[in-house]
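Each remark here refers to the structure printed beneath this line.
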Amino acid sequence: MEKSAGDLKAEVHLLGQLVGAEGFGTTDGIFCEIHVETGEHWSLINIGADHSQTQTSYPEHGEFAAWCHPFDLHYETNSVHGWPKLQLQVWKLDQFGRCDILSYGMCHLPSTAGSYNIVVPTWRFLGTTRAEVQGMQTRDGRRLGARGFITSTLIKHFSWEELLNSRV
């Protein structure tokens with residue numbers, strides 16, 4: 001049985017690694033949750049590879065947190081609409097085993113073949129001075145909801161400010 005032109009799909013293979021992060025100014029452990037968002041015409045061939053988590057790195061104060069966390073994404077698609085976007089959530093792990101969100105980041109993955117060094121600036125919501133102090137005391141900072149909210153709704157409808165001079 002022959003396939004028609006509408007049945008044919010392109011395969012896209014994206015290989016890379018999250019090398020690490022800097023600018024977080026903490027000696028607590030730092031790790032990153034990674035999620036890849038794509039459009040409706042994209043199907044992941046290697047199921048489960050679109051989300052992962054790095055190991056926890058313990059940098060000296062202000063130093064580079066090394067992860068060297070690989071990713072291998074293999075998709076099939078019939079449209080370039082919805083090209084993959086990398087969503088990051090950087091967390092800290094304190095000496096008591098508590099995890100707190102440090103920042104969020106997002107970038108589009110390159111759409112042309114080649115080798116790239118991509119730097120992703122990270123940010124978090126800023127509250128009022130009172131809310132920031134209260135959040136430090138109660139460990140209840142302002143957080144986003146579902147990961148899809150980061151790219152689809154937040155950028156279009158809300159104003160946010162970059163607080164940290166940090167990057168992944």
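Quick note on naming: the chains in the structure tokens go A, B, ... in the order shown, residues restart at 1 in each chain, and ligands are numbered from 1 in order of appearance.
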
Per-residue nearest contacts segment 31-123 of chain A to segment 7-26 of chain A, cut-off 7 Å, using only C-alpha atoms, as a tab-separated table:
residue	atom	partner	partner_atom	distance
A:His61	CA	A:Thr26	CA	5.4
A:Gly62	CA	A:Gly25	CA	4.5
A:Glu63	CA	A:Glu22	CA	6.4
A:Phe64	CA	A:Glu22	CA	4.8
A:Ala65	CA	A:Ala21	CA	5.1
A:Ala66	CA	A:Gly20	CA	4.4
A:Trp67	CA	A:Gly20	CA	4.8
A:Cys68	CA	A:Val19	CA	4.2
A:His69	CA	A:Leu18	CA	5.0
A:Pro70	CA	A:Gln17	CA	4.0
A:Phe71	CA	A:Gly16	CA	5.3
A:Asp72	CA	A:Leu15	CA	4.7
A:Leu73	CA	A:Leu14	CA	5.0
A:His74	CA	A:His13	CA	4.5
A:Tyr75	CA	A:Val12	CA	5.1
A:Glu76	CA	A:Glu11	CA	4.3
A:Thr77	CA	A:Lys9	CA	5.2
A:Asn78	CA	A:Lys9	CA	4.8

Same residues, N, CA and C atoms, output as a PDB file, in the first residue's frame:
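Result file follows (out.pdb):
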ATOM      1  N   HIS A  61      29.778  29.377  46.761  1.00  0.00           N
ATOM      2  CA  HIS A  61      28.967  30.596  46.658  1.00  0.00           C
ATOM      3  C   HIS A  61      29.309  31.379  45.379  1.00  0.00           C
ATOM      4  N   GLY A  62      28.308  31.529  44.514  1.00  0.00           N
ATOM      5  CA  GLY A  62      28.484  32.297  43.290  1.00  0.00           C
ATOM      6  C   GLY A  62      29.185  31.558  42.163  1.00  0.00           C
ATOM      7  N   GLU A  63      29.549  30.314  42.367  1.00  0.00           N
ATOM      8  CA  GLU A  63      30.257  29.557  41.335  1.00  0.00           C
ATOM      9  C   GLU A  63      29.285  28.853  40.394  1.00  0.00           C
ATOM     10  N   PHE A  64      29.834  28.222  39.375  1.00  0.00           N
ATOM     11  CA  PHE A  64      29.081  27.488  38.368  1.00  0.00           C
ATOM     12  C   PHE A  64      28.577  26.169  38.943  1.00  0.00           C
ATOM     13  N   ALA A  65      27.290  25.880  38.738  1.00  0.00           N
ATOM     14  CA  ALA A  65      26.709  24.595  39.153  1.00  0.00           C
ATOM     15  C   ALA A  65      26.741  23.671  37.935  1.00  0.00           C
ATOM     16  N   ALA A  66      27.562  22.648  37.961  1.00  0.00           N
ATOM     17  CA  ALA A  66      27.738  21.757  36.808  1.00  0.00           C
ATOM     18  C   ALA A  66      26.716  20.627  36.824  1.00  0.00           C
ATOM     19  N   TRP A  67      26.059  20.402  35.688  1.00  0.00           N
ATOM     20  CA  TRP A  67      25.105  19.299  35.541  1.00  0.00           C
ATOM     21  C   TRP A  67      25.527  18.333  34.436  1.00  0.00           C
ATOM     22  N   CYS A  68      25.903  18.848  33.264  1.00  0.00           N
ATOM     23  CA  CYS A  68      26.244  18.011  32.099  1.00  0.00           C
ATOM     24  C   CYS A  68      25.175  16.942  31.861  1.00  0.00           C
ATOM     25  N   HIS A  69      23.908  17.389  31.860  1.00  0.00           N
ATOM     26  CA  HIS A  69      22.755  16.495  31.738  1.00  0.00           C
ATOM     27  C   HIS A  69      22.340  16.366  30.268  1.00  0.00           C
ATOM     28  N   PRO A  70      22.457  15.166  29.691  1.00  0.00           N
ATOM     29  CA  PRO A  70      22.153  15.007  28.261  1.00  0.00           C
ATOM     30  C   PRO A  70      20.649  14.937  27.989  1.00  0.00           C
ATOM     31  N   PHE A  71      20.278  15.322  26.772  1.00  0.00           N
ATOM     32  CA  PHE A  71      18.921  15.036  26.308  1.00  0.00           C
ATOM     33  C   PHE A  71      18.984  14.559  24.864  1.00  0.00           C
ATOM     34  N   ASP A  72      18.047  13.695  24.515  1.00  0.00           N
ATOM     35  CA  ASP A  72      17.975  13.075  23.198  1.00  0.00           C
ATOM     36  C   ASP A  72      16.499  13.030  22.825  1.00  0.00           C
ATOM     37  N   LEU A  73      16.091  13.924  21.937  1.00  0.00           N
ATOM     38  CA  LEU A  73      14.688  14.036  21.551  1.00  0.00           C
ATOM     39  C   LEU A  73      14.524  13.599  20.101  1.00  0.00           C
ATOM     40  N   HIS A  74      13.587  12.699  19.857  1.00  0.00           N
ATOM     41  CA  HIS A  74      13.355  12.177  18.517  1.00  0.00           C
ATOM     42  C   HIS A  74      11.856  12.296  18.232  1.00  0.00           C
ATOM     43  N   TYR A  75      11.500  13.182  17.298  1.00  0.00           N
ATOM     44  CA  TYR A  75      10.107  13.453  16.966  1.00  0.00           C
ATOM     45  C   TYR A  75       9.807  13.093  15.519  1.00  0.00           C
ATOM     46  N   GLU A  76       8.515  12.912  15.252  1.00  0.00           N
ATOM     47  CA  GLU A  76       8.040  12.912  13.883  1.00  0.00           C
ATOM     48  C   GLU A  76       6.958  13.975  13.797  1.00  0.00           C
ATOM     49  N   THR A  77       6.902  14.656  12.645  1.00  0.00           N
ATOM     50  CA  THR A  77       5.970  15.763  12.492  1.00  0.00           C
ATOM     51  C   THR A  77       5.619  15.960  11.029  1.00  0.00           C
ATOM     52  N   ASN A  78       4.476  16.574  10.801  1.00  0.00           N
ATOM     53  CA  ASN A  78       4.108  16.951   9.438  1.00  0.00           C
ATOM     54  C   ASN A  78       3.955  18.469   9.326  1.00  0.00           C
TER      55      ASN A  78
END

Check your understanding: Residues of segment 7-150 of chain A in strand (DSSP E) according to DSSP, as a PyMOL selection string?
Key -> chain A and resi 10-21+29-37+42-44+51-53+65-77+85-93+99-108

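Atom to atom, atom CA of Ile34 of chain A and atom CA of Gln53 of chain A stand 5.9 Å apart.
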
Selection near Gly29 of chain A, 12 Å with only C-alpha atoms, sequence-local residues under 6 positions removed, as a PDB file with N, CA, C and O atoms, in the first residue's frame:
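Result file follows (result_0.pdb):
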ATOM      1  N   ALA A  21      24.528  25.894  35.442  1.00  0.00           N
ATOM      2  CA  ALA A  21      23.892  27.183  35.722  1.00  0.00           C
ATOM      3  C   ALA A  21      24.840  28.058  36.530  1.00  0.00           C
ATOM      4  O   ALA A  21      25.737  27.558  37.210  1.00  0.00           O
ATOM      5  N   THR A  54      17.865  17.098  36.278  1.00  0.00           N
ATOM      6  CA  THR A  54      19.303  16.956  36.457  1.00  0.00           C
ATOM      7  C   THR A  54      19.601  16.417  37.850  1.00  0.00           C
ATOM      8  O   THR A  54      18.719  16.363  38.716  1.00  0.00           O
ATOM      9  N   GLN A  55      20.843  16.070  38.077  1.00  0.00           N
ATOM     10  CA  GLN A  55      21.267  15.759  39.433  1.00  0.00           C
ATOM     11  C   GLN A  55      21.430  17.076  40.191  1.00  0.00           C
ATOM     12  O   GLN A  55      21.414  18.142  39.599  1.00  0.00           O
ATOM     13  N   THR A  56      21.584  17.001  41.478  1.00  0.00           N
ATOM     14  CA  THR A  56      21.767  18.203  42.295  1.00  0.00           C
ATOM     15  C   THR A  56      23.251  18.530  42.365  1.00  0.00           C
ATOM     16  O   THR A  56      24.076  17.679  42.678  1.00  0.00           O
ATOM     17  N   SER A  57      23.585  19.786  42.052  1.00  0.00           N
ATOM     18  CA  SER A  57      24.960  20.267  42.097  1.00  0.00           C
ATOM     19  C   SER A  57      25.096  21.214  43.283  1.00  0.00           C
ATOM     20  O   SER A  57      24.189  22.004  43.556  1.00  0.00           O
ATOM     21  N   TYR A  58      26.215  21.137  43.981  1.00  0.00           N
ATOM     22  CA  TYR A  58      26.471  21.994  45.143  1.00  0.00           C
ATOM     23  C   TYR A  58      27.638  22.925  44.839  1.00  0.00           C
ATOM     24  O   TYR A  58      28.785  22.623  45.147  1.00  0.00           O
ATOM     25  N   PRO A  59      27.345  24.081  44.236  1.00  0.00           N
ATOM     26  CA  PRO A  59      28.430  25.007  43.874  1.00  0.00           C
ATOM     27  C   PRO A  59      28.912  25.797  45.081  1.00  0.00           C
ATOM     28  O   PRO A  59      28.176  25.984  46.059  1.00  0.00           O
ATOM     29  N   GLU A  60      30.146  26.246  45.013  1.00  0.00           N
ATOM     30  CA  GLU A  60      30.620  27.212  46.000  1.00  0.00           C
ATOM     31  C   GLU A  60      29.835  28.495  45.765  1.00  0.00           C
ATOM     32  O   GLU A  60      29.290  28.708  44.691  1.00  0.00           O
ATOM     33  N   HIS A  61      29.778  29.377  46.761  1.00  0.00           N
ATOM     34  CA  HIS A  61      28.967  30.596  46.658  1.00  0.00           C
ATOM     35  C   HIS A  61      29.309  31.379  45.379  1.00  0.00           C
ATOM     36  O   HIS A  61      30.444  31.789  45.179  1.00  0.00           O
ATOM     37  N   GLU A  63      29.549  30.314  42.367  1.00  0.00           N
ATOM     38  CA  GLU A  63      30.257  29.557  41.335  1.00  0.00           C
ATOM     39  C   GLU A  63      29.285  28.853  40.394  1.00  0.00           C
ATOM     40  O   GLU A  63      28.082  28.834  40.607  1.00  0.00           O
ATOM     41  N   PHE A  64      29.834  28.222  39.375  1.00  0.00           N
ATOM     42  CA  PHE A  64      29.081  27.488  38.368  1.00  0.00           C
ATOM     43  C   PHE A  64      28.577  26.169  38.943  1.00  0.00           C
ATOM     44  O   PHE A  64      29.339  25.425  39.560  1.00  0.00           O
ATOM     45  N   ALA A  65      27.290  25.880  38.738  1.00  0.00           N
ATOM     46  CA  ALA A  65      26.709  24.595  39.153  1.00  0.00           C
ATOM     47  C   ALA A  65      26.741  23.671  37.935  1.00  0.00           C
ATOM     48  O   ALA A  65      26.034  23.902  36.957  1.00  0.00           O
ATOM     49  N   ALA A  66      27.562  22.648  37.961  1.00  0.00           N
ATOM     50  CA  ALA A  66      27.738  21.757  36.808  1.00  0.00           C
ATOM     51  C   ALA A  66      26.716  20.627  36.824  1.00  0.00           C
ATOM     52  O   ALA A  66      26.512  19.977  37.853  1.00  0.00           O
ATOM     53  N   TRP A  67      26.059  20.402  35.688  1.00  0.00           N
ATOM     54  CA  TRP A  67      25.105  19.299  35.541  1.00  0.00           C
ATOM     55  C   TRP A  67      25.527  18.333  34.436  1.00  0.00           C
ATOM     56  O   TRP A  67      25.448  17.134  34.616  1.00  0.00           O
ATOM     57  N   VAL A  90      14.406  25.912  37.769  1.00  0.00           N
ATOM     58  CA  VAL A  90      15.590  25.704  38.597  1.00  0.00           C
ATOM     59  C   VAL A  90      15.146  25.722  40.060  1.00  0.00           C
ATOM     60  O   VAL A  90      14.463  26.635  40.508  1.00  0.00           O
ATOM     61  N   TRP A  91      15.554  24.689  40.776  1.00  0.00           N
ATOM     62  CA  TRP A  91      15.170  24.508  42.177  1.00  0.00           C
ATOM     63  C   TRP A  91      16.414  24.498  43.052  1.00  0.00           C
ATOM     64  O   TRP A  91      17.502  24.167  42.597  1.00  0.00           O
ATOM     65  N   LYS A  92      16.226  24.806  44.334  1.00  0.00           N
ATOM     66  CA  LYS A  92      17.312  24.621  45.297  1.00  0.00           C
ATOM     67  C   LYS A  92      16.870  23.598  46.329  1.00  0.00           C
ATOM     68  O   LYS A  92      15.690  23.481  46.657  1.00  0.00           O
ATOM     69  N   LEU A  93      17.834  22.849  46.803  1.00  0.00           N
ATOM     70  CA  LEU A  93      17.624  21.826  47.822  1.00  0.00           C
ATOM     71  C   LEU A  93      18.461  22.225  49.022  1.00  0.00           C
ATOM     72  O   LEU A  93      19.686  22.262  48.945  1.00  0.00           O
ATOM     73  N   ASP A  94      17.798  22.537  50.151  1.00  0.00           N
ATOM     74  CA  ASP A  94      18.556  23.003  51.315  1.00  0.00           C
ATOM     75  C   ASP A  94      19.030  21.841  52.179  1.00  0.00           C
ATOM     76  O   ASP A  94      18.757  20.670  51.887  1.00  0.00           O
ATOM     77  N   GLN A  95      19.723  22.171  53.251  1.00  0.00           N
ATOM     78  CA  GLN A  95      20.321  21.152  54.121  1.00  0.00           C
ATOM     79  C   GLN A  95      19.289  20.290  54.838  1.00  0.00           C
ATOM     80  O   GLN A  95      19.609  19.230  55.364  1.00  0.00           O
ATOM     81  N   PHE A  96      18.031  20.730  54.855  1.00  0.00           N
ATOM     82  CA  PHE A  96      16.968  19.971  55.516  1.00  0.00           C
ATOM     83  C   PHE A  96      16.144  19.151  54.526  1.00  0.00           C
ATOM     84  O   PHE A  96      15.139  18.557  54.884  1.00  0.00           O
ATOM     85  N   GLY A  97      16.554  19.147  53.247  1.00  0.00           N
ATOM     86  CA  GLY A  97      15.861  18.372  52.230  1.00  0.00           C
ATOM     87  C   GLY A  97      14.632  19.067  51.646  1.00  0.00           C
ATOM     88  O   GLY A  97      13.834  18.432  50.966  1.00  0.00           O
ATOM     89  N   ARG A  98      14.499  20.368  51.896  1.00  0.00           N
ATOM     90  CA  ARG A  98      13.366  21.118  51.359  1.00  0.00           C
ATOM     91  C   ARG A  98      13.725  21.686  49.992  1.00  0.00           C
ATOM     92  O   ARG A  98      14.829  22.183  49.792  1.00  0.00           O
ATOM     93  N   CYS A  99      12.783  21.630  49.069  1.00  0.00           N
ATOM     94  CA  CYS A  99      12.982  22.152  47.720  1.00  0.00           C
ATOM     95  C   CYS A  99      12.168  23.426  47.534  1.00  0.00           C
ATOM     96  O   CYS A  99      10.988  23.463  47.868  1.00  0.00           O
ATOM     97  N   ASP A 100      12.812  24.457  47.001  1.00  0.00           N
ATOM     98  CA  ASP A 100      12.160  25.726  46.694  1.00  0.00           C
ATOM     99  C   ASP A 100      12.515  26.131  45.275  1.00  0.00           C
ATOM    100  O   ASP A 100      13.657  25.983  44.850  1.00  0.00           O
ATOM    101  N   ILE A 101      11.536  26.682  44.578  1.00  0.00           N
ATOM    102  CA  ILE A 101      11.782  27.144  43.210  1.00  0.00           C
ATOM    103  C   ILE A 101      12.683  28.372  43.260  1.00  0.00           C
ATOM    104  O   ILE A 101      12.493  29.258  44.074  1.00  0.00           O
ATOM    105  N   LEU A 102      13.703  28.386  42.417  1.00  0.00           N
ATOM    106  CA  LEU A 102      14.570  29.557  42.303  1.00  0.00           C
ATOM    107  C   LEU A 102      14.184  30.413  41.107  1.00  0.00           C
ATOM    108  O   LEU A 102      14.135  31.630  41.211  1.00  0.00           O
TER     109      LEU A 102
END

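Using only C-alpha atoms, the smallest distance between any of A:Pro84, A:Thr112, A:Ser79, A:Thr122 and Leu44 of chain A comes from A:Pro84.
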
Exercise for review: Between A:Cys32, A:Val120, A:Asn46, A:Leu109, single out the one closest to Gly82 of chain A, counting only C-alpha atoms.
Suggested key: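 Checking each candidate against Gly82 of chain A, we get A:Leu109 as the closest.
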
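Atom CA of Arg124 of chain A lies 27.9 Å from atom CA of His81 of chain A.
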
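The space separating atom CA of Ser166 of chain A from atom CA of Leu88 of chain A comes to 12.5 Å.
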